[in-house]
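Enquirer: Quick one: the structure is below, questions incoming.
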Amino acid sequence: MSTRTSAVARVSRTFAASPERVFDAWLDPEKVHLWWKASAAAAGRGATETVERIHIDAHQGGSFSFLVRRDGQLIDHTGTYLEIDRPRRLVFTWAPRAIASPDDVGPLPPVNPDSPDYSRVIIDIVPSSSGCEVTLSHEMHPGWKDFVDRAVNAWRIMLDAIDEPVSEVPAR
Amino acid sequence: MNTSSSNLDYTLVALADPTRRGILQRLSKGEARVTEIAAPFAISLNSVSKHIRILERARLVKRRRSGRDHFLSFNPKPLDETAAWIDSQRSVWKARLDALAESLAAEDRAAATMPNKRGRSQP
């Protein structure tokens, strides 16, 4: 299945660090602050994005808030931890939202999985000889995924029927 | 969310409802009149019209008039745009993992340059 028709954004990477170190780096506010800033800088936003506050309540059902100011706009990346299985698996809901004031930060009511805003991130960590292999999957609204698979395939079938080539994106 | 976030929101809201997904399924097989669309669903024409308006708002459905008939057709472009947004999300997460790897490597390098701080008196 190509990423073009999938509602899951997935990326894998090897790390030279142990599974425990990588896992803990997601739940340690100081570490999150460092790599968040570094990823903003790598994206060219080093001057326009500041990390205002990182709050992490690292237990199942606990919430987190990565509050960032980007181009003057406050954006709270917030969610709830659904699974914390150190050092193998970390699952949390993910809901970035623009807010007006830092006082608007706070635990949000759980998002209904049927809502189009629902998305979750699944981090799987597998030990390897050199450290570990991390796979991160960002899942969008599940109902959407089913539709896209069927409807886009139907669309492609229609296009094939009128002899228009559709190039296939290789599966990742 | 990116600058076309309202388009993305309209698309996601449109796709979040099973009746609307059913309507799009039907239209992805070909054009249809509004009355033909309503037939398989056990809901009023009024309800179907509300669903169609939400689909039109997302530009997933286009309407053409021929005489008194209104024909609806499926427009996949918003799905392409949503797929492109998902791809961009992948890039964003890749960058975060890269930054995480680099920060852990930097910790290792810092630890390697502090070998003798313990057990030795400093001048």
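Just so we're on the same page: first chain in the structure tokens is A, next is B, and so on; residues restart at 1 for each chain, and ligands are numbered from 1 in the order they show up.
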Residues of chain B within 7 Å of chain A, using only C-alpha atoms, as an NGL selection string?
Expert: :B and (12-13 or 15-16 or 21 or 25 or 28-29 or 83 or 86-87 or 89-90 or 94-96 or 99-101 or 103)
Enquirer: Would you return as an MDAnalysis selection string the members of stretch 7-78 of chain B that DSSP assigns to strand (DSSP E) on this structure's backbone?
Expert: chainID B and resid 32:33 61:66 69:74
Enquirer: Using only N, CA and C atoms, please write the residues we just selected to a file, as a PDB file, in the first residue's frame.
Expert:
ATOM      1  N   ALA B  32     -24.040  11.145 -10.748  1.00  0.00           N
ATOM      2  CA  ALA B  32     -25.409  10.719 -10.428  1.00  0.00           C
ATOM      3  C   ALA B  32     -26.273  11.918 -10.099  1.00  0.00           C
ATOM      4  N   ARG B  33     -27.578  11.759 -10.312  1.00  0.00           N
ATOM      5  CA  ARG B  33     -28.512  12.799  -9.893  1.00  0.00           C
ATOM      6  C   ARG B  33     -28.650  12.749  -8.379  1.00  0.00           C
ATOM      7  N   VAL B  61     -17.328  17.097  -3.902  1.00  0.00           N
ATOM      8  CA  VAL B  61     -18.415  16.860  -4.845  1.00  0.00           C
ATOM      9  C   VAL B  61     -18.651  18.132  -5.642  1.00  0.00           C
ATOM     10  N   LYS B  62     -18.777  17.965  -6.976  1.00  0.00           N
ATOM     11  CA  LYS B  62     -19.116  19.101  -7.833  1.00  0.00           C
ATOM     12  C   LYS B  62     -20.511  18.866  -8.389  1.00  0.00           C
ATOM     13  N   ARG B  63     -21.165  19.979  -8.738  1.00  0.00           N
ATOM     14  CA  ARG B  63     -22.551  19.901  -9.203  1.00  0.00           C
ATOM     15  C   ARG B  63     -22.639  20.521 -10.581  1.00  0.00           C
ATOM     16  N   ARG B  64     -23.333  19.854 -11.489  1.00  0.00           N
ATOM     17  CA  ARG B  64     -23.625  20.540 -12.752  1.00  0.00           C
ATOM     18  C   ARG B  64     -25.117  20.417 -13.029  1.00  0.00           C
ATOM     19  N   ARG B  65     -25.627  21.476 -13.631  1.00  0.00           N
ATOM     20  CA  ARG B  65     -27.056  21.523 -13.936  1.00  0.00           C
ATOM     21  C   ARG B  65     -27.261  21.228 -15.415  1.00  0.00           C
ATOM     22  N   SER B  66     -28.215  20.353 -15.688  1.00  0.00           N
ATOM     23  CA  SER B  66     -28.582  20.096 -17.076  1.00  0.00           C
ATOM     24  C   SER B  66     -30.090  20.133 -17.123  1.00  0.00           C
ATOM     25  N   ASP B  69     -32.213  18.883 -14.053  1.00  0.00           N
ATOM     26  CA  ASP B  69     -31.473  17.874 -13.296  1.00  0.00           C
ATOM     27  C   ASP B  69     -30.194  18.458 -12.728  1.00  0.00           C
ATOM     28  N   HIS B  70     -29.868  18.039 -11.505  1.00  0.00           N
ATOM     29  CA  HIS B  70     -28.566  18.364 -10.924  1.00  0.00           C
ATOM     30  C   HIS B  70     -27.757  17.078 -10.865  1.00  0.00           C
ATOM     31  N   PHE B  71     -26.606  17.108 -11.509  1.00  0.00           N
ATOM     32  CA  PHE B  71     -25.732  15.942 -11.499  1.00  0.00           C
ATOM     33  C   PHE B  71     -24.549  16.204 -10.576  1.00  0.00           C
ATOM     34  N   LEU B  72     -24.283  15.242  -9.723  1.00  0.00           N
ATOM     35  CA  LEU B  72     -23.151  15.365  -8.797  1.00  0.00           C
ATOM     36  C   LEU B  72     -22.020  14.469  -9.276  1.00  0.00           C
ATOM     37  N   SER B  73     -20.803  14.958  -9.092  1.00  0.00           N
ATOM     38  CA  SER B  73     -19.640  14.135  -9.440  1.00  0.00           C
ATOM     39  C   SER B  73     -18.583  14.255  -8.350  1.00  0.00           C
ATOM     40  N   PHE B  74     -17.762  13.240  -8.265  1.00  0.00           N
ATOM     41  CA  PHE B  74     -16.715  13.147  -7.255  1.00  0.00           C
ATOM     42  C   PHE B  74     -15.459  13.874  -7.750  1.00  0.00           C
TER      43      PHE B  74
END
Enquirer: When you draw a straight line from atom CA of A:Glu83 to atom CA of A:Ser129, how long is it in Å?
Expert: 25.7 Å
Enquirer: List every residue of chain B that DSSP, applied to the backbone of this structure, assigns to alpha helix (DSSP H), and report them as a PyMOL selection string.
Expert: chain B and resi 5-15+18-28+34-38+45-57+77-112
Enquirer: Would you pick out the contacts of A:Ile99 at 10 Å or less, using only C-alpha atoms, so that residues sharing its chain but fewer than 4 positions from it are not included, and give the list as a PyMOL selection string?
Expert: chain A and resi 67+69+73-76+103-105
Enquirer: Could you state the separation of atom CA of A:Ile122 and atom CA of A:Phe92 in Å, given to one decimal place?
Expert: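 Pair atom CA of A:Ile122 / atom CA of A:Phe92 returns 6.7 Å.
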